[in-house]
Number of protein chains: 2
Amino acid sequence: MSNISEIIFQPEGKRCKAIHGITILDAAKLVGIDLTSICGGQTLCGKCKVIVEKGRNNLSKRTETEKKLLSKNEVNKDYRLACVATINGNLIVTIPSESRRGRQRLQVEGIETPVNIETLAKKLTLTLPKPSLEDQTADLERLLRILKQYGLNELEIGYDLLRKLPTHLRNSNWTITVTIWNDYEIIDIESAVMPESYGFAVDIGTTKIAGYLMELKTGKLLGKGALMNPQIPFGEDVISRSSYAIEYPNGLRELQKTVIQGINQILANECKKAAISHSHVYETTIVGNTAMHHLFLGISPKSISVSPYVPAIQKSINIQASKLGLKMNPNGYVHVLPVVAGFVGADCIADVLATEIYKSNKLCFMIDIGTNTEVVIGTKERLTAASCASGPAFEGAHIRHGMRAQTGAIEKIWIDPETLDPTYLTIDNAKPRGICGSAIVDAIAEMLKTGIIDTSGKISLDLETPRIRKNPDELEYVLVWKKEATTEEDIVLLQSDIQEIQKAKAAIYTGASLLMKKLNISPKDISKAFIAGAFGTYIDPTNAKTIGMFPDMTNETIQVGNAAGTGARMTLLSKEAKKKAEEIQKMIRYLELATDPDFQKEFISALYFPHLDLNRFPNIVKALKETQFRVGGSHKTILEGIKKIKWNHV
Amino acid sequence: MSNISEIIFQPEGKRCKAIHGITILDAAKLVGIDLTSICGGQTLCGKCKVIVEKGRNNLSKRTETEKKLLSKNEVNKDYRLACVATINGNLIVTIPSESRRGRQRLQVEGIETPVNIETLAKKLTLTLPKPSLEDQTADLERLLRILKQYGLNELEIGYDLLRKLPTHLRNSNWTITVTIWNDYEIIDIESAVMPESYGFAVDIGTTKIAGYLMELKTGKLLGKGALMNPQIPFGEDVISRSSYAIEYPNGLRELQKTVIQGINQILANECKKAAISHSHVYETTIVGNTAMHHLFLGISPKSISVSPYVPAIQKSINIQASKLGLKMNPNGYVHVLPVVAGFVGADCIADVLATEIYKSNKLCFMIDIGTNTEVVIGTKERLTAASCASGPAFEGAHIRHGMRAQTGAIEKIWIDPETLDPTYLTIDNAKPRGICGSAIVDAIAEMLKTGIIDTSGKISLDLETPRIRKNPDELEYVLVWKKEATTEEDIVLLQSDIQEIQKAKAAIYTGASLLMKKLNISPKDISKAFIAGAFGTYIDPTNAKTIGMFPDMTNETIQVGNAAGTGARMTLLSKEAKKKAEEIQKMIRYLELATDPDFQKEFISALYFPHLDLNRFPNIVKALKETQFRVGGSHKTILEGIKKIKWNHV
């Protein structure tokens with residue numbers, strides 16, 4: 001019996017021969033069909049749907065994961081997840097439009113904060129005088145003698161380089177290129193004139209890893225790439241992921257290996273695109289929250305998971321790449337930025353570095369929204385930080401039609417208060433395939449303004465519009481009819497999607513407001529607010545405030561994008577920035593909010609849109625009133641007052 | 001068919017079951033029979049002879065090695081080499097007395113030169129205040145805070161130790177023992193009060209490796225052990241061994257691995273004997289000639305094998321144990337002492353350190369006799385070194401009845417000028433089994449004085465004594481009759497044995513005399529002579545001069561034993577000694593003698609006893625004259641003049 005079958009992908013009619021046991025996703029890759037797969041084939045995102053037209057019994061059985069990630073309707077229509085279903089016979093499958101990968105908007109951009117370039121790795125090409133019976137000086141001493149002329153004294157050399165030195169010198173006819181680390185150690189010797197010198201800056205997010213390939217000499221960005229954090233299967237948030245590391249034998253090693261593989265994958269991609277050798281990458285800087293920091297270093301996160309939440313190390317550390325298994329120059333260094341506390345990590349220090357709030361005379365507010373959200377408030381005199389577990393909802397996870405910011409993603413929404421019909425923009429102006437984070441915030445703010453939802457988040461059944469309806473399980477609001485979309489069903493926002501957003505935004509608001517309370521300041525005292533994080537780049541700050549995601553500050557709001565990545569890039573290029581990061585670590589005071597007796601009460605109140613206490617959002621309430629006035633008060637709005645939230649699962 | 005047979009060892013009648021394919025040597029080890037094996041079962045020394053009484057066909061076929069290492073007589077009597085012959089059936093074998101290992105005189109002793117103990121590894125037991133919500137300082141910073149109170153600032157920590165730090169602190173209830181390296185780096189953390197701290201000093205000889213286990217705090221020697229250098233199968237001398245490393249793929253790696261295994265074996269033995277854990281061994285110091293130094297470090301010896309004989313490195317180097325695979329604390333350091341030149345290595349620097357000739361106001365002469373011999377001449381102002389390839393003859397190799405200084409070895413010989421009968425002393429006053437290095441020198445000097453050999457080394461046939469006779473191949477002098485010995489044959493010195501000694505001593509003398517010539521000094525200018533090396537410990541310096549092993553110096557001669565090992569021990573215990581070694585490296589000027597146009601002529605002249613030019617040995621000639629006068633001139637002696645040496649193989 002043959003173990004090779006034929007797969008035909010429709011509508012293109014592309015054919016491929018597949019060995020039994022591989023997934024449909026693998027087969028699609030073989031013929032160059034680009035299926036959406038946010039999670040990278042880890043059976044997490046449920047976005048790589050395909051429809052089996054023929055041969056449904058020639059696939060592995062439907063798994064629990066598929067049942068969870070596909071709707072009943074989809075199951076009935078023979079949808080399968082391409083990353084789950086393995087092939088054991090001939091097949092014809094159709095790729096629905098929503099499963100096609102479009103051009104992806106790289107959510108790795110961040111503010112550009114200039115630095116004086118002074119990298120730790122430096123290259124020198126040298127020609128050594130040849131030895132003779134009159135000058136029997138040893139190879140290393142011969143090299144060090146020349147380096148002394150460059151003011152480089154008593155350099156160290158790695159043992160493996162010493163081993164290769166005699167051969168290098170003689171193969172190159174005594175002209176070599178030496179890479180010096182921090183005026184202290186020889187980390188590379190090459191048998192030729194070889195000026196190439198690169199670095200890699202990495203931001204390890206709980207959900208996403210972003211990497212930046214830089215030319216060290218010029219500071220030029222050569223490439224940037226991102227990947228879902230491949231640790232996600234071990235736990236979606238830092239708490240569950242840390243538990244895995246603590247409880248499972250080898251769990252810690254496994255998590256470390258996984259994240260390093262992910263980083264290696266981004267680095268390899270970027271090196272390939274830029275056509276450079278990984279052996280010319282001499283430094284990598286790493287930022288990430290403290291749990292990601294510990295897991296990257298293979299340090300048990302146990303002590304940061306239990307009170308008093310103490311990290312293993314706060315200051316930065318340099319580790320030789322070979323010790324970590326990073327696929328760069330093995331003698332190059334990995335510089336891991338310092339962390340503040342168990343829940344305020346190196347990413348936060350990088351944010352502060354990039355936004356330069358540590359230099360500010362006036363009171364600044366900085367928020368980095370991610371799966372874990374950090375808030376920093378202060379001036380150049382003092383900075384105080386807090387943290388909250390916000391979850392991955394704003395990254396599209398757990399939202400029925402949530403997707404990444406790719407071609408066809410709705411990225412902006414307005415709802416007509418008369419017709420209750422939405423107007424939207426999609427990325428690349430393509431037919432809509434789903435909704436990404438920024439538009440989710442818009443949609444909820446607009447639904448609130450138009451009375452589609454009330455302050456408790458509940459979808460109203462009183463409005464006369466076919467867009468509000470009850471599916472077998474729950475209420476939903478139709479954003480896009482199927483006929484306008486490329487999906488096989490209407491694009492909707494479910495009541496449960498709204499609940500996910502409520503929990504996420506309440507966590508973020510609680511962190512920010514409790515911190516302000518402890519510092520005895522109010523939103524109006526803030527002179528500048530920075531919103532960091534890839535998601536923060538694209539949101540409408542007014543809509544974010546309208547749904548009560550963060551306090552009702554009126555002054556300048558600056559969206560700085562992936563500022564953590566910017567900080568990682570800055571420290572890669574600048575010795576001074578490394579020093580600053582160290583100073584910021586010492587400067588930031590951390591406040592533990594999770595143990596605050598007010599936390600639970602604050603959180604529950606913050607589940608409302610924008611908040612149970614409307615006095616906290618005077619500017620938003622004023623704006624909503626104006627809106628209502630303008631539209632003529634034809635619908636129930638926020639001003640009707642607070643509806644009691646009744647959820648079983650909050 | 002069974003693949004297990006029974007072996008009976010006679011005369012004890014010990015029995016053992018042996019799996020087919022193992023050697024007789026392995027089987028003997030199984031029942032605790034201690035067979036002599038200088039080479040450690042490497043089929044080199046030919047000393048593990050056994051007699052097959054029954055089952056001669058139940059053994060593997062006689063190999064070329066056996067044919068070479070056994071006499072015809074032994075072959076006829078069914079002698080086999082236990083390390084070569086593998087078992088494939090039942091056997092009865094007898095162990096002849098000469099193959100039994102006696103108490104071995106440890107040839108690792110050296111001069112004791114006091115040092116101020118200041119080791120690089122230091123231990124501190126600390127109790128840290130526990131963290132709290134009020135003091136969330138990270139684990140490492142908490143530890144560093146305490147260490148600061150001890151004046152230890154900005155210590156580095158190994159990445160793997162950082163990983164374990166949180167667990168160590170919490171498991172030990174915050175009382176830990178920290179090992180600090182050179183006031184610079186934390187290299188060990190233990191969850192208890194743990195004051196143990198040890199070091200290991202190693203002298204890698206071409207033929208023998210000696211290791212010394214020391215208590216770092218007190219400087220106490222806990223144990224010492226030696227092993228034939230397991231690299232011997234790859235080449236007996238530095239030239240052939242280096243060729244192997246250069247020519248064979250992986251040859252270098254293989255040689256490095258082999259010597260490290262040997263060192264690990266000695267260390268493991270000594271740790272076991274002293275009942276200490278290898279993880280408490282924090283430093284190893286290494287000395288050895290430059291080829292051994294390069295091979296230990298895995299550096300190709302190619303550049304030191306060809307003109308201009310340049311080493312890869314001259315200064316000392318510290319390498320973390322884990323990088324070399326040394327079975328000590330993996331974060332501990334291996335300190336490899338500096339080398340002078342391609343043929344004057346770290347062993348020579350260690351000799352100079354131990355003899356303190358670098359401090360001397362008067363002219364000193366230092367010779368380290370080994371497979372490679374180094375000579376250093378000078379004062380505290382300047383030291384000059386040279387080197388010569390002397391071979392392993394004085395270590396018993398290539399000498400028919402040569403053996404190590406073990407029980408039953410003849411270690412001292414006098415020959416009666418009248419009767420030509422020898423008187424001898426054996427180690428432990430046991431019945432003689434063979435002759436060791438010191439007695440070989442005695443025997444030749446005595447044979448020369450009594451006319452048994454002439455100045456050309458030729459055994460005289462004119463003397464009437466049954467002790468001088470011709471075996472089928474060559475002349476020989478009987479040292480011990482079989483009946484007085486424990487051997488199965490007379491213990492003899494062959495004409496070819498004498499030729500081996502001539503070549504060895506000529507090489508040594510040539511090195512010393514050419515160096516003196518270049519420095520424009522004569523033997524009488526030397527105020528102190530040091531003889532180093534295990535062999536040098538036991539020789540009679542006058543007899544050595546009588547056979548012309550080194551120049552005819554009359555002043556104080558000090559035998560310092562394994563001074564290289566002493567130097568290794570000194571640098572292990574003392575930071576200052578490490579510094580001194582570095583200074584000595586810079587102080588020593590190396591003279592290349594092998595390329596000297598006079599070398600060949602000098603060497604040929606030095607093949608004579610004591611030398612072709614008797615004017616070079618006025619004191620020896622004078623002494624010989626007195627001897628001759630006393631014995632009445634009844635025999636032909638040295639004074640008859642120089643006989644022309646005629647060898648085919650010189």
# chains A, B, ... in the order shown; residues from 1 in each chain; ligands from 1
call {"tool": "residues_around", "arguments": {"residues": "A:Gln314", "least_positions_apart": "5", "cutoff": "12 Å", "atoms": "only C-alpha atoms", "output": "ChimeraX atom specification"}}
result
/A:289-290,293-294,304,336-346,349,581-586,588 /B:136-144,162
call {"tool": "residues_around", "arguments": {"residues": "stretch 23-31 of chain A", "least_positions_apart": "4", "cutoff": "9 Å", "atoms": "only C-alpha atoms", "output": "list in words"}}
result
Ile7, Phe9, Lys14, Arg15, Cys16, Lys17, Ala18, Ile19, Leu35, Ser37, Gly41, Cys48, Val50, Leu59, Leu81, Ala82, Cys83, Val84, Ala85, Thr86, Ile87 and Val93 of chain A
call {"tool": "closest_atom_pairs", "arguments": {"of": "chain B", "to": "chain A", "cutoff": "8 Å", "atoms": "only C-alpha atoms", "output": "CSV"}}
result
residue,atom,partner,partner_atom,distance
B:Pro131,CA,A:Pro308,CA,6.8
B:Ser132,CA,A:Pro308,CA,5.3
B:Leu133,CA,A:Pro308,CA,4.9
B:Gln136,CA,A:Val310,CA,5.4
B:Thr137,CA,A:Val310,CA,6.6
B:Ala138,CA,A:Pro311,CA,4.8
B:Asp139,CA,A:Ala312,CA,4.7
B:Leu140,CA,A:Ile313,CA,5.1
B:Glu141,CA,A:Ile313,CA,6.5
B:Tyr159,CA,A:Ile319,CA,6.9
B:Leu162,CA,A:Ala312,CA,7.4
B:Arg163,CA,A:Ile299,CA,4.7
B:Lys164,CA,A:Ile299,CA,7.2
B:Leu165,CA,A:Ala312,CA,7.1
B:Pro166,CA,A:Ala312,CA,5.9
B:Leu297,CA,A:Arg163,CA,7.3
B:Gly298,CA,A:Arg163,CA,6.4
B:Ile299,CA,A:Arg163,CA,4.7
B:Ser300,CA,A:Arg163,CA,7.4
B:Ser303,CA,A:Pro166,CA,7.1
B:Ser307,CA,A:Leu133,CA,7.2
B:Pro308,CA,A:Leu133,CA,4.9
B:Tyr309,CA,A:Gln136,CA,7.1
B:Val310,CA,A:Ala138,CA,5.3
B:Pro311,CA,A:Ala138,CA,4.8
B:Ala312,CA,A:Asp139,CA,4.7
B:Ile313,CA,A:Leu140,CA,5.1
B:Gln314,CA,A:Ala138,CA,5.8
B:Lys315,CA,A:Glu141,CA,7.9
B:Ile319,CA,A:Tyr159,CA,6.9
B:Ala341,CA,A:Gln136,CA,7.5
call {"tool": "residues_around", "arguments": {"residues": "B:Glu374", "least_positions_apart": "3", "cutoff": "10 Å", "atoms": "only C-alpha atoms", "output": "VMD selection string"}}
result
chain B and resid 289 343 to 345 347 to 348 351 366 to 371 385 to 390 508 511 to 512 532
call {"tool": "residues_around", "arguments": {"residues": "B:Met549", "least_positions_apart": "6", "cutoff": "10 Å", "atoms": "only C-alpha atoms", "output": "JSON list (two decimals) with N, CA and C atoms, in the first residue's frame"}}
result
[["chain", "number", "residue", "atom", "x", "y", "z"],
["B", 441, "VAL", "N", 72.49, 3.99, 35.10],
["B", 441, "VAL", "CA", 73.60, 4.95, 35.07],
["B", 441, "VAL", "C", 74.79, 4.39, 35.87],
["B", 501, "ILE", "N", 71.36, 4.11, 25.86],
["B", 501, "ILE", "CA", 71.80, 5.06, 26.89],
["B", 501, "ILE", "C", 72.76, 6.09, 26.28],
["B", 502, "GLN", "N", 73.62, 5.62, 25.40],
["B", 502, "GLN", "CA", 74.56, 6.55, 24.76],
["B", 502, "GLN", "C", 73.83, 7.65, 24.01],
["B", 504, "ALA", "N", 70.80, 8.71, 24.48],
["B", 504, "ALA", "CA", 70.05, 9.56, 25.40],
["B", 504, "ALA", "C", 70.98, 10.54, 26.10],
["B", 505, "LYS", "N", 72.09, 10.03, 26.61],
["B", 505, "LYS", "CA", 72.99, 10.90, 27.38],
["B", 505, "LYS", "C", 73.70, 11.90, 26.46],
["B", 506, "ALA", "N", 73.95, 11.50, 25.22],
["B", 506, "ALA", "CA", 74.60, 12.41, 24.28],
["B", 506, "ALA", "C", 73.69, 13.58, 23.95],
["B", 507, "ALA", "N", 72.41, 13.30, 23.82],
["B", 507, "ALA", "CA", 71.45, 14.38, 23.53],
["B", 507, "ALA", "C", 71.44, 15.37, 24.68],
["B", 508, "ILE", "N", 71.41, 14.86, 25.90],
["B", 508, "ILE", "CA", 71.35, 15.73, 27.08],
["B", 508, "ILE", "C", 72.63, 16.56, 27.18],
["B", 509, "TYR", "N", 73.78, 15.89, 27.05],
["B", 509, "TYR", "CA", 75.04, 16.60, 27.18],
["B", 509, "TYR", "C", 75.17, 17.68, 26.10],
["B", 510, "THR", "N", 74.77, 17.34, 24.90],
["B", 510, "THR", "CA", 74.89, 18.29, 23.79],
["B", 510, "THR", "C", 74.10, 19.56, 24.08],
["B", 512, "ALA", "N", 73.28, 20.80, 27.01],
["B", 512, "ALA", "CA", 73.92, 21.56, 28.07],
["B", 512, "ALA", "C", 75.20, 22.24, 27.59],
["B", 541, "PRO", "N", 74.95, 11.64, 40.94],
["B", 541, "PRO", "CA", 75.41, 12.68, 40.01],
["B", 541, "PRO", "C", 76.83, 12.42, 39.50],
["B", 542, "THR", "N", 77.67, 11.82, 40.36],
["B", 542, "THR", "CA", 79.03, 11.56, 39.91],
["B", 542, "THR", "C", 79.04, 10.52, 38.80],
["B", 543, "ASN", "N", 78.25, 9.47, 38.98],
["B", 543, "ASN", "CA", 78.16, 8.46, 37.93],
["B", 543, "ASN", "C", 77.58, 9.05, 36.65],
["B", 606, "ALA", "N", 79.67, 13.31, 21.86],
["B", 606, "ALA", "CA", 79.11, 13.04, 23.18],
["B", 606, "ALA", "C", 78.60, 11.62, 23.33],
["B", 607, "LEU", "N", 78.62, 10.85, 22.24],
["B", 607, "LEU", "CA", 78.20, 9.46, 22.34],
["B", 607, "LEU", "C", 79.22, 8.66, 23.15],
["B", 609, "PHE", "N", 81.91, 7.72, 26.24],
["B", 609, "PHE", "CA", 81.88, 7.80, 27.70],
["B", 609, "PHE", "C", 83.21, 8.32, 28.20],
["B", 610, "PRO", "N", 83.32, 9.42, 28.86],
["B", 610, "PRO", "CA", 82.26, 10.43, 29.01],
["B", 610, "PRO", "C", 82.13, 11.28, 27.76],
["B", 611, "HIS", "N", 83.21, 11.35, 26.93],
["B", 611, "HIS", "CA", 83.18, 12.24, 25.77],
["B", 611, "HIS", "C", 84.38, 11.92, 24.91]]
call {"tool": "residues_around", "arguments": {"residues": "stretch 190-204 of chain B", "least_positions_apart": "4", "cutoff": "8 Å", "atoms": "only C-alpha atoms", "output": "tab-separated table (two decimals) with N, CA, C and O atoms, in the first residue's frame"}}
result
chain	number	residue	atom	x	y	z
B	121	ALA	N	40.71	30.64	44.97
B	121	ALA	CA	39.36	30.24	45.40
B	121	ALA	C	39.24	30.47	46.90
B	121	ALA	O	40.12	30.07	47.68
B	122	LYS	N	38.16	31.14	47.30
B	122	LYS	CA	37.92	31.39	48.72
B	122	LYS	C	36.47	31.08	49.04
B	122	LYS	O	35.60	31.36	48.23
B	123	LYS	N	36.24	30.55	50.24
B	123	LYS	CA	34.87	30.22	50.61
B	123	LYS	C	34.35	31.11	51.73
B	123	LYS	O	35.12	31.47	52.64
B	124	LEU	N	33.09	31.42	51.64
B	124	LEU	CA	32.44	32.24	52.67
B	124	LEU	C	31.08	31.62	52.95
B	124	LEU	O	30.33	31.33	52.01
B	125	THR	N	30.75	31.44	54.22
B	125	THR	CA	29.40	31.00	54.56
B	125	THR	C	28.62	32.22	55.02
B	125	THR	O	29.09	33.00	55.85
B	168	HIS	N	18.76	27.26	45.64
B	168	HIS	CA	19.75	27.10	46.70
B	168	HIS	C	19.38	27.91	47.94
B	168	HIS	O	19.43	27.42	49.05
B	169	LEU	N	19.04	29.17	47.72
B	169	LEU	CA	18.74	30.06	48.85
B	169	LEU	C	17.56	29.55	49.65
B	169	LEU	O	17.60	29.52	50.88
B	171	ASN	N	16.20	26.43	49.59
B	171	ASN	CA	16.42	25.09	50.17
B	171	ASN	C	17.26	25.15	51.43
B	171	ASN	O	17.17	24.27	52.28
B	172	SER	N	18.12	26.14	51.52
B	172	SER	CA	19.06	26.18	52.64
B	172	SER	C	18.58	27.13	53.73
B	172	SER	O	19.33	27.44	54.64
B	175	THR	N	20.90	30.20	54.31
B	175	THR	CA	22.31	30.10	54.71
B	175	THR	C	23.04	29.29	53.64
B	175	THR	O	22.70	28.13	53.40
B	176	ILE	N	23.99	29.94	52.99
B	176	ILE	CA	24.70	29.27	51.90
B	176	ILE	C	26.21	29.47	52.04
B	176	ILE	O	26.65	30.38	52.76
B	177	THR	N	26.96	28.61	51.34
B	177	THR	CA	28.40	28.81	51.25
B	177	THR	C	28.72	29.20	49.80
B	177	THR	O	28.29	28.53	48.86
B	178	VAL	N	29.43	30.30	49.69
B	178	VAL	CA	29.75	30.85	48.37
B	178	VAL	C	31.25	30.69	48.13
B	178	VAL	O	32.04	30.95	49.04
B	208	LYS	N	55.01	10.50	31.53
B	208	LYS	CA	54.27	10.28	32.78
B	208	LYS	C	53.49	11.53	33.17
B	208	LYS	O	53.95	12.64	32.99
B	209	ILE	N	52.31	11.30	33.73
B	209	ILE	CA	51.53	12.42	34.28
B	209	ILE	C	51.53	12.26	35.80
B	209	ILE	O	51.25	11.18	36.31
B	210	ALA	N	51.88	13.34	36.50
B	210	ALA	CA	51.84	13.31	37.96
B	210	ALA	C	50.81	14.32	38.44
B	210	ALA	O	50.70	15.41	37.88
B	211	GLY	N	50.05	13.94	39.45
B	211	GLY	CA	49.02	14.84	39.97
B	211	GLY	C	49.10	14.93	41.49
B	211	GLY	O	49.41	13.94	42.15
B	212	TYR	N	48.84	16.12	42.02
B	212	TYR	CA	48.94	16.38	43.45
B	212	TYR	C	47.64	17.01	43.93
B	212	TYR	O	47.26	18.08	43.46
B	213	LEU	N	46.99	16.35	44.87
B	213	LEU	CA	45.75	16.89	45.43
B	213	LEU	C	46.08	17.67	46.70
B	213	LEU	O	46.71	17.13	47.61
B	214	MET	N	45.68	18.91	46.75
B	214	MET	CA	46.07	19.79	47.85
B	214	MET	C	44.83	20.37	48.54
B	214	MET	O	43.83	20.66	47.89
B	215	GLU	N	44.97	20.61	49.84
B	215	GLU	CA	43.94	21.36	50.54
B	215	GLU	C	44.30	22.83	50.39
B	215	GLU	O	45.39	23.25	50.79
B	216	LEU	N	43.40	23.62	49.84
B	216	LEU	CA	43.76	24.98	49.48
B	216	LEU	C	44.01	25.87	50.71
B	216	LEU	O	44.87	26.73	50.69
B	217	LYS	N	43.24	25.63	51.75
B	217	LYS	CA	43.33	26.52	52.91
B	217	LYS	C	44.68	26.37	53.62
B	217	LYS	O	45.32	27.36	53.99
B	229	ASN	N	51.63	8.49	30.57
B	229	ASN	CA	50.82	9.37	29.74
B	229	ASN	C	50.06	8.52	28.71
B	229	ASN	O	50.67	7.85	27.88
B	263	ILE	N	44.28	12.64	33.26
B	263	ILE	CA	44.28	13.54	34.41
B	263	ILE	C	43.05	13.27	35.27
B	263	ILE	O	43.14	13.20	36.51
B	267	LEU	N	42.97	12.27	39.23
B	267	LEU	CA	42.19	13.10	40.15
B	267	LEU	C	41.11	12.28	40.85
B	267	LEU	O	40.93	12.37	42.07
B	280	HIS	N	34.46	19.77	44.96
B	280	HIS	CA	35.15	20.70	45.85
B	280	HIS	C	36.57	21.01	45.39
B	280	HIS	O	37.33	21.65	46.11
B	281	VAL	N	36.92	20.52	44.22
B	281	VAL	CA	38.22	20.86	43.63
B	281	VAL	C	37.97	22.08	42.73
B	281	VAL	O	37.30	21.98	41.70
B	282	TYR	N	38.49	23.22	43.14
B	282	TYR	CA	38.14	24.48	42.48
B	282	TYR	C	39.20	24.99	41.53
B	282	TYR	O	38.94	25.88	40.73
B	283	GLU	N	40.43	24.47	41.66
B	283	GLU	CA	41.45	24.91	40.72
B	283	GLU	C	42.38	23.76	40.38
B	283	GLU	O	42.69	22.92	41.23
B	284	THR	N	42.80	23.73	39.14
B	284	THR	CA	43.85	22.81	38.71
B	284	THR	C	44.91	23.65	38.03
B	284	THR	O	44.59	24.51	37.21
B	285	THR	N	46.18	23.42	38.40
B	285	THR	CA	47.26	24.08	37.67
B	285	THR	C	47.94	23.02	36.81
B	285	THR	O	48.08	21.87	37.22
B	286	ILE	N	48.35	23.44	35.64
B	286	ILE	CA	48.92	22.50	34.67
B	286	ILE	C	50.30	22.98	34.25
B	286	ILE	O	50.46	24.14	33.84
B	287	VAL	N	51.29	22.09	34.34
B	287	VAL	CA	52.57	22.36	33.71
B	287	VAL	C	52.87	21.21	32.75
B	287	VAL	O	52.32	20.12	32.89
B	288	GLY	N	53.74	21.46	31.80
B	288	GLY	CA	54.10	20.44	30.83
B	288	GLY	C	54.94	21.11	29.77
B	288	GLY	O	54.96	22.34	29.67
B	289	ASN	N	55.65	20.31	28.98
B	289	ASN	CA	56.41	20.94	27.91
B	289	ASN	C	55.44	21.53	26.88
B	289	ASN	O	54.23	21.28	26.94
B	292	MET	N	53.07	19.17	25.08
B	292	MET	CA	52.04	18.66	26.00
B	292	MET	C	51.03	19.76	26.33
B	292	MET	O	49.83	19.51	26.44
B	293	HIS	N	51.53	20.96	26.51
B	293	HIS	CA	50.70	22.15	26.78
B	293	HIS	C	49.71	22.38	25.64
B	293	HIS	O	48.51	22.50	25.85
B	347	ASP	N	56.71	23.35	32.14
B	347	ASP	CA	57.42	22.53	33.13
B	347	ASP	C	58.74	23.18	33.51
B	347	ASP	O	59.15	23.18	34.68
B	564	ALA	N	59.05	20.35	38.55
B	564	ALA	CA	57.94	20.88	37.74
B	564	ALA	C	56.63	20.71	38.52
B	564	ALA	O	55.80	21.61	38.57
B	565	GLY	N	56.50	19.54	39.15
B	565	GLY	CA	55.33	19.30	39.99
B	565	GLY	C	55.31	20.26	41.17
B	565	GLY	O	54.25	20.77	41.55
B	568	ALA	N	54.06	23.50	39.95
B	568	ALA	CA	52.60	23.44	39.74
B	568	ALA	C	51.88	23.59	41.08
B	568	ALA	O	50.87	24.29	41.19
B	569	ARG	N	52.44	22.95	42.13
B	569	ARG	CA	51.82	23.05	43.46
B	569	ARG	C	51.95	24.46	44.01
B	569	ARG	O	51.01	24.99	44.62
B	572	LEU	N	49.50	26.71	42.44
B	572	LEU	CA	48.15	26.39	42.90
B	572	LEU	C	47.84	27.11	44.21
B	572	LEU	O	46.73	27.59	44.44
call {"tool": "residues_around", "arguments": {"residues": "stretch 148-155 of chain B", "least_positions_apart": "2", "cutoff": "7 Å", "atoms": "only C-alpha atoms", "output": "number ranges by chain"}}
result
B: 144-146, 157, 183-186
call {"tool": "closest_residue", "arguments": {"among": "A:Leu612, A:Met403, A:Ala439, A:Ile51", "to": "A:Gly536", "atoms": "only C-alpha atoms"}}
result
A:Ala439
call {"tool": "closest_residue", "arguments": {"among": "A:Lys380, A:Arg616, A:Lys470, A:Lys257", "to": "A:Met587", "atoms": "only C-alpha atoms"}}
result
A:Lys380
call {"tool": "decode", "arguments": {"residues": "stretch 302-316 of chain B", "atoms": "C-alpha atoms", "output": "mmCIF file, in the first residue's frame"}}
result
data_model
loop_
_atom_site.group_PDB
_atom_site.id
_atom_site.type_symbol
_atom_site.label_atom_id
_atom_site.label_comp_id
_atom_site.auth_asym_id
_atom_site.auth_seq_id
_atom_site.Cartn_x
_atom_site.Cartn_y
_atom_site.Cartn_z
ATOM 1 C CA LYS B 302 52.002 22.352 13.929
ATOM 2 C CA SER B 303 53.518 25.793 14.447
ATOM 3 C CA ILE B 304 55.852 24.496 17.176
ATOM 4 C CA SER B 305 56.911 21.573 14.985
ATOM 5 C CA VAL B 306 58.270 23.611 12.103
ATOM 6 C CA SER B 307 60.658 26.533 12.006
ATOM 7 C CA PRO B 308 60.446 29.128 13.528
ATOM 8 C CA TYR B 309 58.804 26.934 16.235
ATOM 9 C CA VAL B 310 56.293 29.497 17.459
ATOM 10 C CA PRO B 311 53.772 28.568 20.191
ATOM 11 C CA ALA B 312 50.144 29.687 20.000
ATOM 12 C CA ILE B 313 50.383 31.391 23.378
ATOM 13 C CA GLN B 314 53.158 32.089 25.829
ATOM 14 C CA LYS B 315 51.413 33.640 28.806
ATOM 15 C CA SER B 316 49.356 31.664 31.293
#
